[in-house]
Amino acid sequence: MDTDPQLTRLGLFDAKVPRYTSYPTAPHFSAATGPQDFAGFLAAVPAGEQISLYLHVPFCRRLCWFCACRTQGTTSDSPVTAYLQTLKAELQLLAQHLPDGVTLSRLHWGGGTPTLLPADAMAELAEAVFALAPLAPGGEFSVEIDPNEIDDARLDALARAGMNRASIGVQDFDPEIQKAIGRAQSYDITKAAAEGLRARGINSLNADILFGLPHQTPEKITASVTRLLTLRPDRVALYGYAHVPWMSRRQQLIPSEALPTPEARLDLFDTARALFEAEGYRQIGIDHFALPSDGLARAAEEGSLRRNFQGYTDDPAQVLIGLGASSISRFPQGYAQNAAATGDYTSRIRAGEFATARGHRFRSEDLLRARIIEALMCDFRIDKTDLETRFPEVAALAGPLFAKAEAQFGTMVENTPAAFTITQQGRPLTRLIARAFDAFDLSRSAHSAAI
């Protein structure tokens, strides 16, 4: 395995950096933002606006060891049923504050495992959502599907509710790796889920797969990606496994001695990338792949690709509202995050108030830096004239930032009067380069490996 020595020198294999699905990142939110701020953000949404809605279902039948999401295990439906009633109450509260004529450009159910909801509960939740706002023409309704936690009745319920995109978590098909990460999921059961979705006319399919897992080798990831390709997903997220056992206690069950080295992680990524590209997928940003017909590929081509808490998106909405415990909303004015603990979230909503526990109000400088980081993460390039047009009052701050990044990364970037660009050679360093524009104390961030 040949590694560019400049990547080593610049810290690719040593640095721990945020994934930059937001700026500032969530660890920098504060309790200074609360329910009244959230209500004010809602009041500023224009009538007739398209917004996005994310519903978080934090329950799982089993807790996969690799996962660092806010989830909790349950063997019965009773806590899920109670949580569903709280979600409905939050939707009703939201309806009292949203302006008239709002429609949904995107609706996403995530978790946890939203497909552990019984079929009748799925129908009930969908009805409550669409009583709040209908799906806009061309809008997408997507759900995270656990192939181990889905059946015909639930697939039928989701199809009747209008789901038109599904996301299947794969991680890896190798039995040894699945055992090491606490995630048993055969190829056959995954294939059955994909076929069940397409048989119901749900033809837009996303898949997640991980690199950097214990016992993973180029041969094993080749086998897993090859099997995944037989399902022909429209887009794939190739995420690097983030081993953070100090944050997620369940990851302590994963044998750290079996994890690949940082250099081997890069080799695993490159192996998978070559397989996707050989099958006609286009790389989107740092870790997504999409067929040319998929909306993500079109957004990347048109320069309208964006980044949010679900990763890369072609969603045009400027407002994303998160419902459920720990969910994060983004408005033009700032971020608002619900209480993380399910009990705290529930008590706030049932008291008739929004569950906002923390957040962040944007300053002009935040918006400037956020735009630079998002553009680099999406397009590997930021147009300087665009910055001057959008942020005339603080655009002068950008020049020294670009100069500093150029001095740090040298030939990995190009800094011209027109644009700042990450070169092809420098793309593995994208998150590190983005970090150069982050004004916050990174010791407080949720770090993961740079590759």
# chains A, B, ... in the order shown; residues from 1 in each chain; ligands from 1

$ residues_around --residues "Leu231 in chain A" --least-positions-apart "4" --cutoff "10 Å" --atoms "only C-alpha atoms" --output "ChimeraX atom specification"
/A:187,190-192,194-195,205,207,226-227

$ write_last_selection --atoms "N, CA and C atoms" --output "PDB file, in the first residue's frame"
ATOM      1  N   TYR A 187     -27.139 -11.309   3.891  1.00  0.00           N
ATOM      2  CA  TYR A 187     -27.392 -10.756   2.562  1.00  0.00           C
ATOM      3  C   TYR A 187     -28.807 -11.092   2.119  1.00  0.00           C
ATOM      4  N   THR A 190     -31.400  -8.869   3.641  1.00  0.00           N
ATOM      5  CA  THR A 190     -31.259  -7.523   3.079  1.00  0.00           C
ATOM      6  C   THR A 190     -31.831  -7.476   1.669  1.00  0.00           C
ATOM      7  N   LYS A 191     -31.548  -8.485   0.888  1.00  0.00           N
ATOM      8  CA  LYS A 191     -32.086  -8.568  -0.470  1.00  0.00           C
ATOM      9  C   LYS A 191     -33.606  -8.645  -0.449  1.00  0.00           C
ATOM     10  N   ALA A 192     -34.156  -9.413   0.478  1.00  0.00           N
ATOM     11  CA  ALA A 192     -35.612  -9.549   0.578  1.00  0.00           C
ATOM     12  C   ALA A 192     -36.251  -8.196   0.893  1.00  0.00           C
ATOM     13  N   ALA A 194     -35.018  -5.195   0.122  1.00  0.00           N
ATOM     14  CA  ALA A 194     -34.918  -4.365  -1.080  1.00  0.00           C
ATOM     15  C   ALA A 194     -35.954  -4.771  -2.117  1.00  0.00           C
ATOM     16  N   GLU A 195     -36.120  -6.071  -2.295  1.00  0.00           N
ATOM     17  CA  GLU A 195     -37.096  -6.545  -3.272  1.00  0.00           C
ATOM     18  C   GLU A 195     -38.521  -6.218  -2.828  1.00  0.00           C
ATOM     19  N   LEU A 205     -33.689   3.890  -3.584  1.00  0.00           N
ATOM     20  CA  LEU A 205     -33.123   3.124  -2.484  1.00  0.00           C
ATOM     21  C   LEU A 205     -31.741   3.649  -2.110  1.00  0.00           C
ATOM     22  N   ALA A 207     -28.394   3.105   0.636  1.00  0.00           N
ATOM     23  CA  ALA A 207     -27.761   2.090   1.472  1.00  0.00           C
ATOM     24  C   ALA A 207     -26.569   2.692   2.194  1.00  0.00           C
ATOM     25  N   THR A 226     -19.426  -5.820  -3.450  1.00  0.00           N
ATOM     26  CA  THR A 226     -19.884  -6.561  -4.628  1.00  0.00           C
ATOM     27  C   THR A 226     -21.295  -7.093  -4.410  1.00  0.00           C
ATOM     28  N   ARG A 227     -21.579  -7.607  -3.220  1.00  0.00           N
ATOM     29  CA  ARG A 227     -22.928  -8.104  -2.915  1.00  0.00           C
ATOM     30  C   ARG A 227     -23.921  -6.943  -2.851  1.00  0.00           C
TER      31      ARG A 227
END

$ residues_around --residues "Gly182 in chain A" --least-positions-apart "6" --cutoff "8 Å" --atoms "only C-alpha atoms" --output "ChimeraX atom specification"
/A:63-66

$ write_last_selection --atoms "N, CA, C and O atoms" --output "JSON list (two decimals), in the first residue's frame"
[["chain", "number", "residue", "atom", "x", "y", "z"],
["A", 63, "LEU", "N", -29.24, -3.30, 20.42],
["A", 63, "LEU", "CA", -28.33, -2.15, 20.32],
["A", 63, "LEU", "C", -27.04, -2.61, 19.64],
["A", 63, "LEU", "O", -26.24, -3.34, 20.24],
["A", 64, "CYS", "N", -26.88, -2.22, 18.39],
["A", 64, "CYS", "CA", -25.66, -2.58, 17.66],
["A", 64, "CYS", "C", -24.47, -1.89, 18.32],
["A", 64, "CYS", "O", -24.53, -0.70, 18.65],
["A", 65, "TRP", "N", -23.38, -2.61, 18.48],
["A", 65, "TRP", "CA", -22.25, -2.07, 19.24],
["A", 65, "TRP", "C", -21.54, -0.94, 18.53],
["A", 65, "TRP", "O", -20.94, -0.07, 19.18],
["A", 66, "PHE", "N", -21.57, -0.94, 17.21],
["A", 66, "PHE", "CA", -20.82, 0.08, 16.46],
["A", 66, "PHE", "C", -21.50, 1.44, 16.51],
["A", 66, "PHE", "O", -20.89, 2.47, 16.26]]

$ select_by_dssp --residues "range 60-144 of chain A" --states "alpha helix (DSSP H)" --output "PDB file with N, CA, C and O atoms, in the first residue's frame"
ATOM      1  N   SER A  78     -44.654  -1.143  24.457  1.00  0.00           N
ATOM      2  CA  SER A  78     -45.294  -0.145  25.315  1.00  0.00           C
ATOM      3  C   SER A  78     -44.545   1.188  25.348  1.00  0.00           C
ATOM      4  O   SER A  78     -45.179   2.251  25.214  1.00  0.00           O
ATOM      5  N   PRO A  79     -43.199   1.212  25.514  1.00  0.00           N
ATOM      6  CA  PRO A  79     -42.535   2.522  25.489  1.00  0.00           C
ATOM      7  C   PRO A  79     -42.593   3.182  24.118  1.00  0.00           C
ATOM      8  O   PRO A  79     -42.630   4.411  24.019  1.00  0.00           O
ATOM      9  N   VAL A  80     -42.628   2.372  23.082  1.00  0.00           N
ATOM     10  CA  VAL A  80     -42.720   2.922  21.722  1.00  0.00           C
ATOM     11  C   VAL A  80     -44.089   3.555  21.502  1.00  0.00           C
ATOM     12  O   VAL A  80     -44.210   4.647  20.929  1.00  0.00           O
ATOM     13  N   THR A  81     -45.128   2.881  21.984  1.00  0.00           N
ATOM     14  CA  THR A  81     -46.486   3.412  21.855  1.00  0.00           C
ATOM     15  C   THR A  81     -46.636   4.732  22.610  1.00  0.00           C
ATOM     16  O   THR A  81     -47.236   5.695  22.108  1.00  0.00           O
ATOM     17  N   ALA A  82     -46.064   4.779  23.808  1.00  0.00           N
ATOM     18  CA  ALA A  82     -46.122   6.021  24.589  1.00  0.00           C
ATOM     19  C   ALA A  82     -45.357   7.138  23.896  1.00  0.00           C
ATOM     20  O   ALA A  82     -45.807   8.296  23.872  1.00  0.00           O
ATOM     21  N   TYR A  83     -44.216   6.806  23.344  1.00  0.00           N
ATOM     22  CA  TYR A  83     -43.404   7.804  22.633  1.00  0.00           C
ATOM     23  C   TYR A  83     -44.141   8.327  21.405  1.00  0.00           C
ATOM     24  O   TYR A  83     -44.073   9.524  21.083  1.00  0.00           O
ATOM     25  N   LEU A  84     -44.860   7.442  20.718  1.00  0.00           N
ATOM     26  CA  LEU A  84     -45.630   7.850  19.548  1.00  0.00           C
ATOM     27  C   LEU A  84     -46.660   8.913  19.928  1.00  0.00           C
ATOM     28  O   LEU A  84     -46.854   9.896  19.194  1.00  0.00           O
ATOM     29  N   GLN A  85     -47.292   8.764  21.078  1.00  0.00           N
ATOM     30  CA  GLN A  85     -48.274   9.757  21.516  1.00  0.00           C
ATOM     31  C   GLN A  85     -47.599  11.106  21.785  1.00  0.00           C
ATOM     32  O   GLN A  85     -48.178  12.163  21.513  1.00  0.00           O
ATOM     33  N   THR A  86     -46.364  11.064  22.294  1.00  0.00           N
ATOM     34  CA  THR A  86     -45.633  12.311  22.524  1.00  0.00           C
ATOM     35  C   THR A  86     -45.260  12.975  21.203  1.00  0.00           C
ATOM     36  O   THR A  86     -45.361  14.204  21.066  1.00  0.00           O
ATOM     37  N   LEU A  87     -44.850  12.179  20.242  1.00  0.00           N
ATOM     38  CA  LEU A  87     -44.549  12.736  18.920  1.00  0.00           C
ATOM     39  C   LEU A  87     -45.779  13.413  18.324  1.00  0.00           C
ATOM     40  O   LEU A  87     -45.692  14.510  17.746  1.00  0.00           O
ATOM     41  N   LYS A  88     -46.921  12.782  18.464  1.00  0.00           N
ATOM     42  CA  LYS A  88     -48.161  13.367  17.941  1.00  0.00           C
ATOM     43  C   LYS A  88     -48.476  14.679  18.659  1.00  0.00           C
ATOM     44  O   LYS A  88     -48.931  15.645  18.040  1.00  0.00           O
ATOM     45  N   ALA A  89     -48.230  14.707  19.967  1.00  0.00           N
ATOM     46  CA  ALA A  89     -48.456  15.953  20.714  1.00  0.00           C
ATOM     47  C   ALA A  89     -47.506  17.048  20.254  1.00  0.00           C
ATOM     48  O   ALA A  89     -47.880  18.229  20.162  1.00  0.00           O
ATOM     49  N   GLU A  90     -46.253  16.667  19.940  1.00  0.00           N
ATOM     50  CA  GLU A  90     -45.299  17.665  19.442  1.00  0.00           C
ATOM     51  C   GLU A  90     -45.729  18.180  18.072  1.00  0.00           C
ATOM     52  O   GLU A  90     -45.593  19.379  17.783  1.00  0.00           O
ATOM     53  N   LEU A  91     -46.261  17.310  17.229  1.00  0.00           N
ATOM     54  CA  LEU A  91     -46.774  17.734  15.932  1.00  0.00           C
ATOM     55  C   LEU A  91     -47.927  18.721  16.096  1.00  0.00           C
ATOM     56  O   LEU A  91     -48.015  19.726  15.373  1.00  0.00           O
ATOM     57  N   GLN A  92     -48.817  18.453  17.048  1.00  0.00           N
ATOM     58  CA  GLN A  92     -49.938  19.357  17.289  1.00  0.00           C
ATOM     59  C   GLN A  92     -49.449  20.715  17.806  1.00  0.00           C
ATOM     60  O   GLN A  92     -49.973  21.765  17.422  1.00  0.00           O
ATOM     61  N   LEU A  93     -48.435  20.684  18.659  1.00  0.00           N
ATOM     62  CA  LEU A  93     -47.857  21.926  19.165  1.00  0.00           C
ATOM     63  C   LEU A  93     -47.209  22.715  18.035  1.00  0.00           C
ATOM     64  O   LEU A  93     -47.357  23.946  17.934  1.00  0.00           O
ATOM     65  N   LEU A  94     -46.515  22.006  17.167  1.00  0.00           N
ATOM     66  CA  LEU A  94     -45.881  22.644  16.019  1.00  0.00           C
ATOM     67  C   LEU A  94     -46.932  23.279  15.104  1.00  0.00           C
ATOM     68  O   LEU A  94     -46.734  24.387  14.583  1.00  0.00           O
ATOM     69  N   ALA A  95     -48.074  22.603  14.936  1.00  0.00           N
ATOM     70  CA  ALA A  95     -49.133  23.109  14.063  1.00  0.00           C
ATOM     71  C   ALA A  95     -49.672  24.448  14.544  1.00  0.00           C
ATOM     72  O   ALA A  95     -50.139  25.270  13.735  1.00  0.00           O
ATOM     73  N   ALA A 119     -47.476  -1.754  12.167  1.00  0.00           N
ATOM     74  CA  ALA A 119     -48.027  -1.192  10.931  1.00  0.00           C
ATOM     75  C   ALA A 119     -49.095  -0.144  11.211  1.00  0.00           C
ATOM     76  O   ALA A 119     -49.122   0.924  10.570  1.00  0.00           O
ATOM     77  N   ASP A 120     -49.980  -0.405  12.177  1.00  0.00           N
ATOM     78  CA  ASP A 120     -51.032   0.577  12.458  1.00  0.00           C
ATOM     79  C   ASP A 120     -50.459   1.862  13.052  1.00  0.00           C
ATOM     80  O   ASP A 120     -50.976   2.965  12.812  1.00  0.00           O
ATOM     81  N   ALA A 121     -49.381   1.741  13.832  1.00  0.00           N
ATOM     82  CA  ALA A 121     -48.739   2.928  14.401  1.00  0.00           C
ATOM     83  C   ALA A 121     -48.062   3.745  13.311  1.00  0.00           C
ATOM     84  O   ALA A 121     -48.055   4.990  13.364  1.00  0.00           O
ATOM     85  N   MET A 122     -47.474   3.079  12.310  1.00  0.00           N
ATOM     86  CA  MET A 122     -46.885   3.798  11.181  1.00  0.00           C
ATOM     87  C   MET A 122     -47.944   4.628  10.461  1.00  0.00           C
ATOM     88  O   MET A 122     -47.729   5.805  10.136  1.00  0.00           O
ATOM     89  N   ALA A 123     -49.094   4.009  10.214  1.00  0.00           N
ATOM     90  CA  ALA A 123     -50.169   4.719   9.536  1.00  0.00           C
ATOM     91  C   ALA A 123     -50.655   5.898  10.379  1.00  0.00           C
ATOM     92  O   ALA A 123     -50.917   6.992   9.852  1.00  0.00           O
ATOM     93  N   GLU A 124     -50.745   5.700  11.685  1.00  0.00           N
ATOM     94  CA  GLU A 124     -51.191   6.745  12.599  1.00  0.00           C
ATOM     95  C   GLU A 124     -50.221   7.927  12.607  1.00  0.00           C
ATOM     96  O   GLU A 124     -50.639   9.094  12.575  1.00  0.00           O
ATOM     97  N   LEU A 125     -48.918   7.622  12.622  1.00  0.00           N
ATOM     98  CA  LEU A 125     -47.923   8.683  12.645  1.00  0.00           C
ATOM     99  C   LEU A 125     -47.914   9.449  11.325  1.00  0.00           C
ATOM    100  O   LEU A 125     -47.840  10.689  11.314  1.00  0.00           O
ATOM    101  N   ALA A 126     -47.994   8.731  10.212  1.00  0.00           N
ATOM    102  CA  ALA A 126     -48.006   9.394   8.909  1.00  0.00           C
ATOM    103  C   ALA A 126     -49.225  10.311   8.784  1.00  0.00           C
ATOM    104  O   ALA A 126     -49.133  11.438   8.280  1.00  0.00           O
ATOM    105  N   GLU A 127     -50.368   9.851   9.268  1.00  0.00           N
ATOM    106  CA  GLU A 127     -51.579  10.675   9.219  1.00  0.00           C
ATOM    107  C   GLU A 127     -51.390  11.958  10.025  1.00  0.00           C
ATOM    108  O   GLU A 127     -51.797  13.044   9.592  1.00  0.00           O
ATOM    109  N   ALA A 128     -50.759  11.842  11.194  1.00  0.00           N
ATOM    110  CA  ALA A 128     -50.526  13.019  12.033  1.00  0.00           C
ATOM    111  C   ALA A 128     -49.569  13.999  11.357  1.00  0.00           C
ATOM    112  O   ALA A 128     -49.752  15.219  11.441  1.00  0.00           O
ATOM    113  N   VAL A 129     -48.548  13.483  10.685  1.00  0.00           N
ATOM    114  CA  VAL A 129     -47.592  14.354   9.987  1.00  0.00           C
ATOM    115  C   VAL A 129     -48.284  15.116   8.867  1.00  0.00           C
ATOM    116  O   VAL A 129     -48.147  16.336   8.734  1.00  0.00           O
ATOM    117  N   PHE A 130     -49.053  14.401   8.052  1.00  0.00           N
ATOM    118  CA  PHE A 130     -49.653  15.049   6.882  1.00  0.00           C
ATOM    119  C   PHE A 130     -50.858  15.915   7.247  1.00  0.00           C
ATOM    120  O   PHE A 130     -51.319  16.713   6.431  1.00  0.00           O
ATOM    121  N   ALA A 131     -51.345  15.766   8.476  1.00  0.00           N
ATOM    122  CA  ALA A 131     -52.331  16.728   8.969  1.00  0.00           C
ATOM    123  C   ALA A 131     -51.655  18.073   9.258  1.00  0.00           C
ATOM    124  O   ALA A 131     -52.285  19.125   9.203  1.00  0.00           O
ATOM    125  N   LEU A 132     -50.354  18.015   9.562  1.00  0.00           N
ATOM    126  CA  LEU A 132     -49.572  19.238   9.786  1.00  0.00           C
ATOM    127  C   LEU A 132     -49.266  19.938   8.473  1.00  0.00           C
ATOM    128  O   LEU A 132     -49.468  21.144   8.321  1.00  0.00           O
TER     129      LEU A 132
END

$ select_by_dssp --residues "range 48-174 of chain A" --states "strand (DSSP E)" --output "VMD selection string"
chain A and resid 50 to 57 59 to 60 72 to 73 103 to 111 135 to 145 165 to 171

$ closest_residue --among "A:Ala351, A:Val143, A:Ile422, A:Leu228" --to "Arg106 in chain A" --atoms "only C-alpha atoms"
A:Val143

$ residues_around --residues "Thr103 in chain A" --least-positions-apart "6" --cutoff "8 Å" --atoms "only C-alpha atoms" --output "PyMOL selection string"
chain A and resi 48-51+133-136

$ closest_residue --among "A:Gly34, A:Ala341, A:Asp379, A:Tyr335" --to "Ala300 in chain A" --atoms "only C-alpha atoms"
A:Asp379

$ closest_residue --among "A:Met163, A:Gly201, A:Gln216, A:Arg154" --to "Glu176 in chain A" --atoms "only C-alpha atoms"
A:Gln216

$ atom_distance --atom1 "CA of Phe211 in chain A" --atom2 "CA of Asp14 in chain A"
17.0 Å

$ closest_residue --among "A:Ala43, A:Glu263, A:Asp188, A:His243" --to "Pro5 in chain A" --atoms "only C-alpha atoms"
A:Glu263

$ residues_around --residues "range 401-410 of chain A" --least-positions-apart "4" --cutoff "12 Å" --atoms "only C-alpha atoms" --output "PyMOL selection string"
chain A and resi 6-12+365+368-369+372-373+376+381-384+395-397+414-423+425-427+429-430+432-439

$ residues_around --residues "Ser304 in chain A" --least-positions-apart "6" --cutoff "12 Å" --atoms "only C-alpha atoms" --output "NGL selection string"
:A and (284 or 295-298 or 312-317 or 374-375 or 378-379)

$ residues_around --residues "Tyr281 in chain A" --least-positions-apart "3" --cutoff "6 Å" --atoms "only C-alpha atoms" --output "ChimeraX atom specification"
/A:276-277,289-291

$ atom_distance --atom1 "CA of Ala32 in chain A" --atom2 "CA of Gln333 in chain A"
14.1 Å

$ decode --residues "range 60-79 of chain A" --atoms "N, CA and C atoms" --output "PDB file, in the first residue's frame"
ATOM      1  N   CYS A  60     -34.606   0.633  19.655  1.00  0.00           N
ATOM      2  CA  CYS A  60     -34.117  -0.507  18.878  1.00  0.00           C
ATOM      3  C   CYS A  60     -34.430  -1.793  19.636  1.00  0.00           C
ATOM      4  N   ARG A  61     -34.700  -2.871  18.898  1.00  0.00           N
ATOM      5  CA  ARG A  61     -34.862  -4.182  19.534  1.00  0.00           C
ATOM      6  C   ARG A  61     -33.523  -4.691  20.065  1.00  0.00           C
ATOM      7  N   ARG A  62     -32.469  -4.282  19.400  1.00  0.00           N
ATOM      8  CA  ARG A  62     -31.109  -4.650  19.801  1.00  0.00           C
ATOM      9  C   ARG A  62     -30.253  -3.411  19.621  1.00  0.00           C
ATOM     10  N   LEU A  63     -29.237  -3.296  20.417  1.00  0.00           N
ATOM     11  CA  LEU A  63     -28.335  -2.153  20.322  1.00  0.00           C
ATOM     12  C   LEU A  63     -27.043  -2.612  19.643  1.00  0.00           C
ATOM     13  N   CYS A  64     -26.879  -2.223  18.386  1.00  0.00           N
ATOM     14  CA  CYS A  64     -25.655  -2.580  17.661  1.00  0.00           C
ATOM     15  C   CYS A  64     -24.470  -1.886  18.322  1.00  0.00           C
ATOM     16  N   TRP A  65     -23.383  -2.611  18.482  1.00  0.00           N
ATOM     17  CA  TRP A  65     -22.250  -2.070  19.244  1.00  0.00           C
ATOM     18  C   TRP A  65     -21.537  -0.935  18.531  1.00  0.00           C
ATOM     19  N   PHE A  66     -21.566  -0.937  17.208  1.00  0.00           N
ATOM     20  CA  PHE A  66     -20.824   0.082  16.458  1.00  0.00           C
ATOM     21  C   PHE A  66     -21.501   1.443  16.508  1.00  0.00           C
ATOM     22  N   CYS A  67     -22.787   1.467  16.825  1.00  0.00           N
ATOM     23  CA  CYS A  67     -23.590   2.678  16.688  1.00  0.00           C
ATOM     24  C   CYS A  67     -23.353   3.633  17.851  1.00  0.00           C
ATOM     25  N   ALA A  68     -23.188   4.917  17.527  1.00  0.00           N
ATOM     26  CA  ALA A  68     -23.015   5.941  18.557  1.00  0.00           C
ATOM     27  C   ALA A  68     -24.210   6.886  18.608  1.00  0.00           C
ATOM     28  N   CYS A  69     -25.323   6.494  17.959  1.00  0.00           N
ATOM     29  CA  CYS A  69     -26.525   7.329  17.965  1.00  0.00           C
ATOM     30  C   CYS A  69     -27.210   7.264  19.324  1.00  0.00           C
ATOM     31  N   ARG A  70     -28.071   8.241  19.580  1.00  0.00           N
ATOM     32  CA  ARG A  70     -28.844   8.260  20.826  1.00  0.00           C
ATOM     33  C   ARG A  70     -30.018   7.296  20.674  1.00  0.00           C
ATOM     34  N   THR A  71     -29.861   6.094  21.196  1.00  0.00           N
ATOM     35  CA  THR A  71     -30.895   5.071  21.090  1.00  0.00           C
ATOM     36  C   THR A  71     -31.021   4.340  22.410  1.00  0.00           C
ATOM     37  N   GLN A  72     -32.119   3.601  22.560  1.00  0.00           N
ATOM     38  CA  GLN A  72     -32.318   2.772  23.735  1.00  0.00           C
ATOM     39  C   GLN A  72     -33.009   1.478  23.325  1.00  0.00           C
ATOM     40  N   GLY A  73     -32.655   0.387  23.994  1.00  0.00           N
ATOM     41  CA  GLY A  73     -33.229  -0.903  23.659  1.00  0.00           C
ATOM     42  C   GLY A  73     -34.592  -1.095  24.292  1.00  0.00           C
ATOM     43  N   THR A  74     -35.428  -1.866  23.611  1.00  0.00           N
ATOM     44  CA  THR A  74     -36.730  -2.226  24.169  1.00  0.00           C
ATOM     45  C   THR A  74     -37.152  -3.578  23.617  1.00  0.00           C
ATOM     46  N   THR A  75     -37.739  -4.385  24.479  1.00  0.00           N
ATOM     47  CA  THR A  75     -38.244  -5.690  24.046  1.00  0.00           C
ATOM     48  C   THR A  75     -39.763  -5.686  23.923  1.00  0.00           C
ATOM     49  N   SER A  76     -40.399  -4.589  24.291  1.00  0.00           N
ATOM     50  CA  SER A  76     -41.862  -4.499  24.198  1.00  0.00           C
ATOM     51  C   SER A  76     -42.252  -3.243  23.438  1.00  0.00           C
ATOM     52  N   ASP A  77     -43.516  -3.203  23.037  1.00  0.00           N
ATOM     53  CA  ASP A  77     -44.007  -2.054  22.272  1.00  0.00           C
ATOM     54  C   ASP A  77     -44.512  -0.919  23.161  1.00  0.00           C
ATOM     55  N   SER A  78     -44.654  -1.143  24.457  1.00  0.00           N
ATOM     56  CA  SER A  78     -45.294  -0.145  25.315  1.00  0.00           C
ATOM     57  C   SER A  78     -44.545   1.188  25.348  1.00  0.00           C
ATOM     58  N   PRO A  79     -43.199   1.212  25.514  1.00  0.00           N
ATOM     59  CA  PRO A  79     -42.535   2.522  25.489  1.00  0.00           C
ATOM     60  C   PRO A  79     -42.593   3.182  24.118  1.00  0.00           C
TER      61      PRO A  79
END
